[in-house]
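Report on the following structure.
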Number of protein chains: 2
Amino acid sequence: MNVLSNHLQTINALKQPTSMAWVEQALANLDTILLDHSHCECKAAGVALNYIFRYPSNTKMIRELTAIAREELEHFELVNQWLERRGIPLAPLPPPPYGAGLKAQVRPTEPDRFLDSMLVTGLIEARSHERLGLLATHCPEPELAKFYRSLMASEARHFGIYWVLADTYFDREIVRQRLEELAIVESELLATLYSEPRIHS
Amino acid sequence: MNVLSNHLQTINALKQPTSMAWVEQALANLDTILLDHSHCECKAAGVALNYIFRYPSNTKMIRELTAIAREELEHFELVNQWLERRGIPLAPLPPPPYGAGLKAQVRPTEPDRFLDSMLVTGLIEARSHERLGLLATHCPEPELAKFYRSLMASEARHFGIYWVLADTYFDREIVRQRLEELAIVESELLATLYSEPRIHS
């Protein structure tokens with residue numbers, strides 16, 4: 001799959017596009033967005049690692065998620081270098097309600113839990129991909145815009161990997177239906193702009 | 001610091017050398033040792049990531065531990081390739097009491113918690129370094145012995161990094177004394193060989 005078809009498939013998974021209100025909020029708060037982005041990359045690595053601990057016999061999943069975790073940590077380093085360059089100290093940042101809202105959708109019993117976990121994490125990657133794309137397009141600082149563009153391809157690939165992992169173990173129609181349900185919730189969670197600027201506000 | 005001085009510093013931190021009984025147990029159970037090693041690498045990455053989440057403002061620590069986590073994940077991939085080559089399926093494996101025994105030594109209140117966490121994790125890296133060295137020396141399979149040798153340098157470096165992080169924020173005499181106390185416990189935990197073959201049995 002090339003970058004363009006990755007991009008289209010990823011964007012298609014999302015029910016509603018991000019509003020321009022988010023873009024304006026993000027551009028007015030680029031430093032906070034960068035700091036939140038740093039947290040997002042580290043959390044994404046942590047999520048991949050948690051799945052590896054939770055499913056210690058799933059060779060295919062472990063191989064894919066090890067690669068994802070390594071890549072997220074590389075991005076975490078790169079974002080932290082941007083923070084350093086701009087003189088923004090690393091600091092905690094309360095997350096928006098988005099992540100917890102999606103996590104609440106994961107059914108507690110296996111094998112539903114596996115399916116929902118892969119799809120929810122895939123949706124977060126798809127949304128990150130879409131929003132990094134918006135930052136790449138609208139960010140007035142050319143170097144930073146270029147950086148966002150450089151991260152986009154892997155976020156799209158990550159969505160694809162989580163989707164394929166779901167598809168490997170479940171009937172395609174079940175995956176499609178559940179993705180549809182979760183994607184509706186995902187867009188609803190972002191329908192009202194969160195007051196604090198975040199990647200997923 | 002070169003590899004040799006790394007090696008000596010690391011080995012000096014340990015109160016008691018590993019017994020030949022462990023070497024014999026490990027060599028008689030190389031497949032299980034490889035599987036446990038896979039878990040150790042992944043857990044080591046998880047531990048580094050947990051410290052990053054716990055101390056989100058500590059720039060120096062975060063920079064160092066991001067590099068460690070990336071390296072542990074790379075080793076995790078390499079060990080998993082060895083497992084695949086030998087036809088050993090990934091599977092859960094109950095840990096030996098070593099890790100929990102050391103974790104119990106970490107005092108719950110900051111800043112003691114930080115100091116103890118860095119030193120305990122450093123000691124685990126030092127012991128891993130020593131035992132991978134023993135496997136490199138005694139393993140009868142030349143390719144596998146070479147693999148163990150290739151991992152040794154970074155385990156020694158990891159011990160050094162955790163030690164330096166402790167040393168950055170605490171008086172050197174306090175670090176030395178606490179390392180001494182924890183190293184005694186570490187050796188005591190390994191004084192009786194655990195019945196199941198593990199990297200830290």
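Numbering starts fresh at 1 for the residues of each chain in the structure tokens, the chains themselves are lettered A, B, ... in the order given, and ligands are numbered from 1 as they appear.
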
- Query: Where does DSSP see helix (DSSP H, G or I) in chain B, if you list the residues as a ChimeraX atom specification?
  - Reply: /B:3-13,20-27,30-54,59-85,98-103,112-138,142-169,172-189

- Given a cut-off of 7 Å, which residues of chain A touch chain B, counting only C-alpha atoms, written out as a list in words? Gly46, Leu49, Pro56, Ser57, Thr59, Thr66, Arg70, Leu73, Leu90, Ala91 and Pro92 of chain A

- Could you name the residues that touch Arg85 of chain B at 12 Å or less, counting only C-alpha atoms, but leaving out those on the same chain fewer than 5 positions away, as a ChimeraX atom specification? /B:31,34,78-80,90,144

- Task: Show which residues sit within 10 Å of Tyr194 of chain A, as a ChimeraX atom specification. Count only C-alpha atoms, and ignore same-chain residues fewer than 5 positions away.
- Result: /A:22,25,96-98,189,200-201

Selected residues written out with all heavy atoms, as a PDB file, in the first residue's frame:
ATOM      1  N   TRP A  22     -10.676  23.472  15.833  1.00  0.00           N
ATOM      2  CA  TRP A  22      -9.518  22.798  16.438  1.00  0.00           C
ATOM      3  C   TRP A  22      -8.216  23.340  15.845  1.00  0.00           C
ATOM      4  O   TRP A  22      -7.267  23.608  16.575  1.00  0.00           O
ATOM      5  CB  TRP A  22      -9.579  21.271  16.247  1.00  0.00           C
ATOM      6  CG  TRP A  22      -8.343  20.639  16.821  1.00  0.00           C
ATOM      7  CD1 TRP A  22      -8.107  20.328  18.119  1.00  0.00           C
ATOM      8  CD2 TRP A  22      -7.119  20.316  16.117  1.00  0.00           C
ATOM      9  NE1 TRP A  22      -6.834  19.840  18.291  1.00  0.00           N
ATOM     10  CE2 TRP A  22      -6.204  19.817  17.072  1.00  0.00           C
ATOM     11  CE3 TRP A  22      -6.710  20.402  14.788  1.00  0.00           C
ATOM     12  CZ2 TRP A  22      -4.921  19.399  16.738  1.00  0.00           C
ATOM     13  CZ3 TRP A  22      -5.417  19.996  14.444  1.00  0.00           C
ATOM     14  CH2 TRP A  22      -4.547  19.502  15.419  1.00  0.00           C
ATOM     15  N   GLN A  25      -7.471  26.656  17.355  1.00  0.00           N
ATOM     16  CA  GLN A  25      -7.025  26.499  18.747  1.00  0.00           C
ATOM     17  C   GLN A  25      -5.577  25.992  18.788  1.00  0.00           C
ATOM     18  O   GLN A  25      -4.757  26.485  19.567  1.00  0.00           O
ATOM     19  CB  GLN A  25      -7.957  25.497  19.472  1.00  0.00           C
ATOM     20  CG  GLN A  25      -7.662  25.335  20.954  1.00  0.00           C
ATOM     21  CD  GLN A  25      -8.280  24.061  21.522  1.00  0.00           C
ATOM     22  OE1 GLN A  25      -8.205  22.987  20.927  1.00  0.00           O
ATOM     23  NE2 GLN A  25      -8.909  24.190  22.687  1.00  0.00           N
ATOM     24  N   PRO A  96      -6.991  15.373  27.712  1.00  0.00           N
ATOM     25  CA  PRO A  96      -8.398  15.677  27.431  1.00  0.00           C
ATOM     26  C   PRO A  96      -9.234  14.419  27.683  1.00  0.00           C
ATOM     27  O   PRO A  96      -8.666  13.334  27.834  1.00  0.00           O
ATOM     28  CB  PRO A  96      -8.376  16.028  25.943  1.00  0.00           C
ATOM     29  CG  PRO A  96      -7.256  15.215  25.391  1.00  0.00           C
ATOM     30  CD  PRO A  96      -6.223  15.131  26.485  1.00  0.00           C
ATOM     31  N   PRO A  97     -10.573  14.541  27.703  1.00  0.00           N
ATOM     32  CA  PRO A  97     -11.401  13.354  28.024  1.00  0.00           C
ATOM     33  C   PRO A  97     -11.420  12.279  26.922  1.00  0.00           C
ATOM     34  O   PRO A  97     -11.925  11.184  27.143  1.00  0.00           O
ATOM     35  CB  PRO A  97     -12.815  13.930  28.232  1.00  0.00           C
ATOM     36  CG  PRO A  97     -12.762  15.363  27.858  1.00  0.00           C
ATOM     37  CD  PRO A  97     -11.365  15.771  27.574  1.00  0.00           C
ATOM     38  N   TYR A  98     -10.843  12.564  25.769  1.00  0.00           N
ATOM     39  CA  TYR A  98     -10.895  11.695  24.589  1.00  0.00           C
ATOM     40  C   TYR A  98     -10.437  10.249  24.852  1.00  0.00           C
ATOM     41  O   TYR A  98     -11.181   9.289  24.580  1.00  0.00           O
ATOM     42  CB  TYR A  98     -10.033  12.347  23.509  1.00  0.00           C
ATOM     43  CG  TYR A  98      -9.872  11.600  22.210  1.00  0.00           C
ATOM     44  CD1 TYR A  98     -10.882  11.575  21.257  1.00  0.00           C
ATOM     45  CD2 TYR A  98      -8.663  10.959  21.907  1.00  0.00           C
ATOM     46  CE1 TYR A  98     -10.697  10.925  20.033  1.00  0.00           C
ATOM     47  CE2 TYR A  98      -8.481  10.310  20.693  1.00  0.00           C
ATOM     48  CZ  TYR A  98      -9.498  10.297  19.764  1.00  0.00           C
ATOM     49  OH  TYR A  98      -9.309   9.659  18.562  1.00  0.00           O
ATOM     50  N   LEU A 189     -16.966  12.200  20.569  1.00  0.00           N
ATOM     51  CA  LEU A 189     -16.096  12.679  21.650  1.00  0.00           C
ATOM     52  C   LEU A 189     -15.381  13.976  21.265  1.00  0.00           C
ATOM     53  O   LEU A 189     -14.981  14.754  22.137  1.00  0.00           O
ATOM     54  CB  LEU A 189     -15.051  11.613  22.009  1.00  0.00           C
ATOM     55  CG  LEU A 189     -15.564  10.438  22.852  1.00  0.00           C
ATOM     56  CD1 LEU A 189     -14.541   9.304  22.845  1.00  0.00           C
ATOM     57  CD2 LEU A 189     -15.858  10.881  24.288  1.00  0.00           C
ATOM     58  N   HIS A 200      -5.829  15.819  20.849  1.00  0.00           N
ATOM     59  CA  HIS A 200      -7.181  15.244  20.766  1.00  0.00           C
ATOM     60  C   HIS A 200      -8.205  16.067  21.541  1.00  0.00           C
ATOM     61  O   HIS A 200      -9.073  15.498  22.219  1.00  0.00           O
ATOM     62  CB  HIS A 200      -7.175  13.775  21.233  1.00  0.00           C
ATOM     63  CG  HIS A 200      -6.262  12.911  20.411  1.00  0.00           C
ATOM     64  ND1 HIS A 200      -5.075  12.412  20.901  1.00  0.00           N
ATOM     65  CD2 HIS A 200      -6.345  12.487  19.127  1.00  0.00           C
ATOM     66  CE1 HIS A 200      -4.473  11.704  19.948  1.00  0.00           C
ATOM     67  NE2 HIS A 200      -5.213  11.728  18.869  1.00  0.00           N
ATOM     68  N   SER A 201      -8.100  17.418  21.461  1.00  0.00           N
ATOM     69  CA  SER A 201      -9.120  18.266  22.106  1.00  0.00           C
ATOM     70  C   SER A 201     -10.304  18.417  21.154  1.00  0.00           C
ATOM     71  O   SER A 201     -10.221  18.036  19.997  1.00  0.00           O
ATOM     72  CB  SER A 201      -8.545  19.637  22.485  1.00  0.00           C
ATOM     73  OG  SER A 201      -8.050  20.321  21.339  1.00  0.00           O
TER      74      SER A 201
END

- At what distance in Å, to one decimal, does atom CA of Arg149 of chain B lie from atom CA of Ala28 of chain B?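 Pair atom CA of Ala28 of chain B / atom CA of Arg149 of chain B returns 19.0 Å.
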
- Message: Please compute the atom CA of Ile174 of chain B-atom CA of Glu186 of chain B distance, one decimal, in Å.
- Response: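 Taking atom CA of Ile174 of chain B as the start and atom CA of Glu186 of chain B as the end point, the length is 18.1 Å.
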
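Rounded to one decimal, atom CA of Val164 of chain A and atom CA of Arg176 of chain A lie 11.4 Å from each other.
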
- Message: List as a VMD selection string the protein and nucleic acid residues near Thr168 of chain A, meaning an atom at most 12 Å away when only C-alpha atoms are counted, but skip any in the same chain fewer than 4 places from it.
- Response: chain A and resid 58 60 to 61 114 to 115 118 161 to 164 172 174 to 175

Output file for the selection above: N, CA and C atoms, as a PDB file, in the first residue's frame:
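Written out: result09.pdb:
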ATOM      1  N   ASN A  58       0.816 -14.041  21.363  1.00  0.00           N
ATOM      2  CA  ASN A  58       0.381 -13.627  20.031  1.00  0.00           C
ATOM      3  C   ASN A  58       1.570 -13.094  19.203  1.00  0.00           C
ATOM      4  N   LYS A  60       2.304 -12.748  16.001  1.00  0.00           N
ATOM      5  CA  LYS A  60       2.105 -11.759  14.928  1.00  0.00           C
ATOM      6  C   LYS A  60       1.909 -10.361  15.522  1.00  0.00           C
ATOM      7  N   MET A  61       1.016 -10.295  16.542  1.00  0.00           N
ATOM      8  CA  MET A  61       0.751  -9.006  17.163  1.00  0.00           C
ATOM      9  C   MET A  61       2.017  -8.438  17.809  1.00  0.00           C
ATOM     10  N   PHE A 114      -9.957  -7.778  22.907  1.00  0.00           N
ATOM     11  CA  PHE A 114      -8.875  -7.683  21.917  1.00  0.00           C
ATOM     12  C   PHE A 114      -9.332  -6.885  20.704  1.00  0.00           C
ATOM     13  N   LEU A 115     -10.505  -7.266  20.173  1.00  0.00           N
ATOM     14  CA  LEU A 115     -11.023  -6.582  18.977  1.00  0.00           C
ATOM     15  C   LEU A 115     -11.170  -5.084  19.241  1.00  0.00           C
ATOM     16  N   MET A 118      -7.778  -3.161  19.618  1.00  0.00           N
ATOM     17  CA  MET A 118      -7.092  -2.899  18.347  1.00  0.00           C
ATOM     18  C   MET A 118      -7.794  -1.757  17.590  1.00  0.00           C
ATOM     19  N   ILE A 161      -2.021  -1.186  10.646  1.00  0.00           N
ATOM     20  CA  ILE A 161      -1.550  -2.378  11.373  1.00  0.00           C
ATOM     21  C   ILE A 161      -2.573  -2.816  12.416  1.00  0.00           C
ATOM     22  N   TYR A 162      -3.107  -1.868  13.175  1.00  0.00           N
ATOM     23  CA  TYR A 162      -4.117  -2.232  14.187  1.00  0.00           C
ATOM     24  C   TYR A 162      -5.356  -2.817  13.507  1.00  0.00           C
ATOM     25  N   TRP A 163      -5.711  -2.258  12.364  1.00  0.00           N
ATOM     26  CA  TRP A 163      -6.874  -2.749  11.637  1.00  0.00           C
ATOM     27  C   TRP A 163      -6.615  -4.183  11.145  1.00  0.00           C
ATOM     28  N   VAL A 164      -5.431  -4.410  10.579  1.00  0.00           N
ATOM     29  CA  VAL A 164      -5.090  -5.761  10.077  1.00  0.00           C
ATOM     30  C   VAL A 164      -5.052  -6.761  11.225  1.00  0.00           C
ATOM     31  N   ARG A 172     -14.328 -10.454   8.908  1.00  0.00           N
ATOM     32  CA  ARG A 172     -14.223  -9.076   8.407  1.00  0.00           C
ATOM     33  C   ARG A 172     -15.490  -8.254   8.640  1.00  0.00           C
ATOM     34  N   ILE A 174     -17.631  -8.549  11.098  1.00  0.00           N
ATOM     35  CA  ILE A 174     -17.683  -8.176  12.522  1.00  0.00           C
ATOM     36  C   ILE A 174     -16.756  -6.986  12.778  1.00  0.00           C
ATOM     37  N   VAL A 175     -15.559  -7.030  12.182  1.00  0.00           N
ATOM     38  CA  VAL A 175     -14.595  -5.932  12.356  1.00  0.00           C
ATOM     39  C   VAL A 175     -15.185  -4.639  11.788  1.00  0.00           C
TER      40      VAL A 175
END

- Message: Taking 4 positions as the minimum chain separation for residues in the same chain, which residues sit within 12 Å of His138 of chain B when counting only C-alpha atoms? Answer as a list in words.
- Response: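 The contact residues come out as Met20, Trp22, Val23, Glu24, Gln25, Ala26, Leu27, Ala28, Leu30, Arg131, Leu132, Gly133, Leu134, Pro142, Leu144, Ala145, Lys146, Tyr148 and Arg149 of chain B.
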
Selection from above, N, CA and C atoms, as a PDB file, in the first residue's frame, can you write it?
ATOM      1  N   MET B  20      28.055 -21.315  39.795  1.00  0.00           N
ATOM      2  CA  MET B  20      28.097 -22.216  38.642  1.00  0.00           C
ATOM      3  C   MET B  20      26.808 -23.044  38.562  1.00  0.00           C
ATOM      4  N   TRP B  22      23.856 -21.905  38.730  1.00  0.00           N
ATOM      5  CA  TRP B  22      22.960 -21.192  37.809  1.00  0.00           C
ATOM      6  C   TRP B  22      23.383 -21.456  36.362  1.00  0.00           C
ATOM      7  N   VAL B  23      24.687 -21.403  36.112  1.00  0.00           N
ATOM      8  CA  VAL B  23      25.186 -21.615  34.741  1.00  0.00           C
ATOM      9  C   VAL B  23      24.750 -22.994  34.245  1.00  0.00           C
ATOM     10  N   GLU B  24      24.910 -24.007  35.100  1.00  0.00           N
ATOM     11  CA  GLU B  24      24.517 -25.375  34.704  1.00  0.00           C
ATOM     12  C   GLU B  24      23.013 -25.464  34.430  1.00  0.00           C
ATOM     13  N   GLN B  25      22.240 -24.847  35.328  1.00  0.00           N
ATOM     14  CA  GLN B  25      20.775 -24.852  35.135  1.00  0.00           C
ATOM     15  C   GLN B  25      20.409 -24.156  33.813  1.00  0.00           C
ATOM     16  N   ALA B  26      21.054 -23.038  33.545  1.00  0.00           N
ATOM     17  CA  ALA B  26      20.743 -22.267  32.328  1.00  0.00           C
ATOM     18  C   ALA B  26      21.127 -23.061  31.081  1.00  0.00           C
ATOM     19  N   LEU B  27      22.324 -23.640  31.073  1.00  0.00           N
ATOM     20  CA  LEU B  27      22.791 -24.360  29.884  1.00  0.00           C
ATOM     21  C   LEU B  27      21.940 -25.604  29.612  1.00  0.00           C
ATOM     22  N   ALA B  28      21.389 -26.172  30.678  1.00  0.00           N
ATOM     23  CA  ALA B  28      20.523 -27.356  30.507  1.00  0.00           C
ATOM     24  C   ALA B  28      19.124 -26.953  30.035  1.00  0.00           C
ATOM     25  N   LEU B  30      18.380 -24.016  27.760  1.00  0.00           N
ATOM     26  CA  LEU B  30      18.629 -22.820  26.940  1.00  0.00           C
ATOM     27  C   LEU B  30      17.360 -22.248  26.306  1.00  0.00           C
ATOM     28  N   ARG B 131      25.260 -12.153  33.892  1.00  0.00           N
ATOM     29  CA  ARG B 131      24.781 -13.480  33.485  1.00  0.00           C
ATOM     30  C   ARG B 131      24.836 -13.672  31.965  1.00  0.00           C
ATOM     31  N   LEU B 132      24.574 -12.615  31.212  1.00  0.00           N
ATOM     32  CA  LEU B 132      24.736 -12.738  29.758  1.00  0.00           C
ATOM     33  C   LEU B 132      26.207 -13.025  29.442  1.00  0.00           C
ATOM     34  N   GLY B 133      27.109 -12.446  30.243  1.00  0.00           N
ATOM     35  CA  GLY B 133      28.538 -12.714  30.079  1.00  0.00           C
ATOM     36  C   GLY B 133      28.852 -14.185  30.331  1.00  0.00           C
ATOM     37  N   LEU B 134      28.216 -14.747  31.364  1.00  0.00           N
ATOM     38  CA  LEU B 134      28.434 -16.169  31.658  1.00  0.00           C
ATOM     39  C   LEU B 134      27.898 -17.043  30.523  1.00  0.00           C
ATOM     40  N   PRO B 142      28.130 -21.744  19.323  1.00  0.00           N
ATOM     41  CA  PRO B 142      28.932 -20.533  19.042  1.00  0.00           C
ATOM     42  C   PRO B 142      28.094 -19.332  18.608  1.00  0.00           C
ATOM     43  N   LEU B 144      24.942 -18.589  19.284  1.00  0.00           N
ATOM     44  CA  LEU B 144      24.173 -18.058  20.416  1.00  0.00           C
ATOM     45  C   LEU B 144      25.106 -17.364  21.402  1.00  0.00           C
ATOM     46  N   ALA B 145      26.270 -17.953  21.635  1.00  0.00           N
ATOM     47  CA  ALA B 145      27.270 -17.334  22.527  1.00  0.00           C
ATOM     48  C   ALA B 145      27.647 -15.941  21.997  1.00  0.00           C
ATOM     49  N   LYS B 146      27.804 -15.850  20.696  1.00  0.00           N
ATOM     50  CA  LYS B 146      28.160 -14.579  20.062  1.00  0.00           C
ATOM     51  C   LYS B 146      27.039 -13.551  20.262  1.00  0.00           C
ATOM     52  N   TYR B 148      24.891 -13.473  22.774  1.00  0.00           N
ATOM     53  CA  TYR B 148      24.927 -13.010  24.167  1.00  0.00           C
ATOM     54  C   TYR B 148      26.039 -11.981  24.358  1.00  0.00           C
ATOM     55  N   ARG B 149      27.166 -12.220  23.733  1.00  0.00           N
ATOM     56  CA  ARG B 149      28.282 -11.286  23.857  1.00  0.00           C
ATOM     57  C   ARG B 149      27.897  -9.920  23.283  1.00  0.00           C
TER      58      ARG B 149
END

- Using only C-alpha atoms: which of B:Asp116, B:Glu188, B:Cys40, B:Asp167 has the shortest distance to Pro94 of chain B: B:Cys40

- Item | 12 Å contact set for segment 101-113 of chain B, only C-alpha atoms, chain neighbours under 6 positions out, as a list in words |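 Within the cut-off, the hits are Val47, Tyr51, Arg54, Tyr55, Pro95, Leu119, Val120, Thr121, Gly122, Leu123, Ile124, Ala166, Tyr169, Phe170, Ile174, Val175, Arg178, Leu179, Glu181, Leu182, Ala183, Ile184, Val185, Glu186, Ser187, Glu188, Leu189, Leu190 and His200 of chain B.
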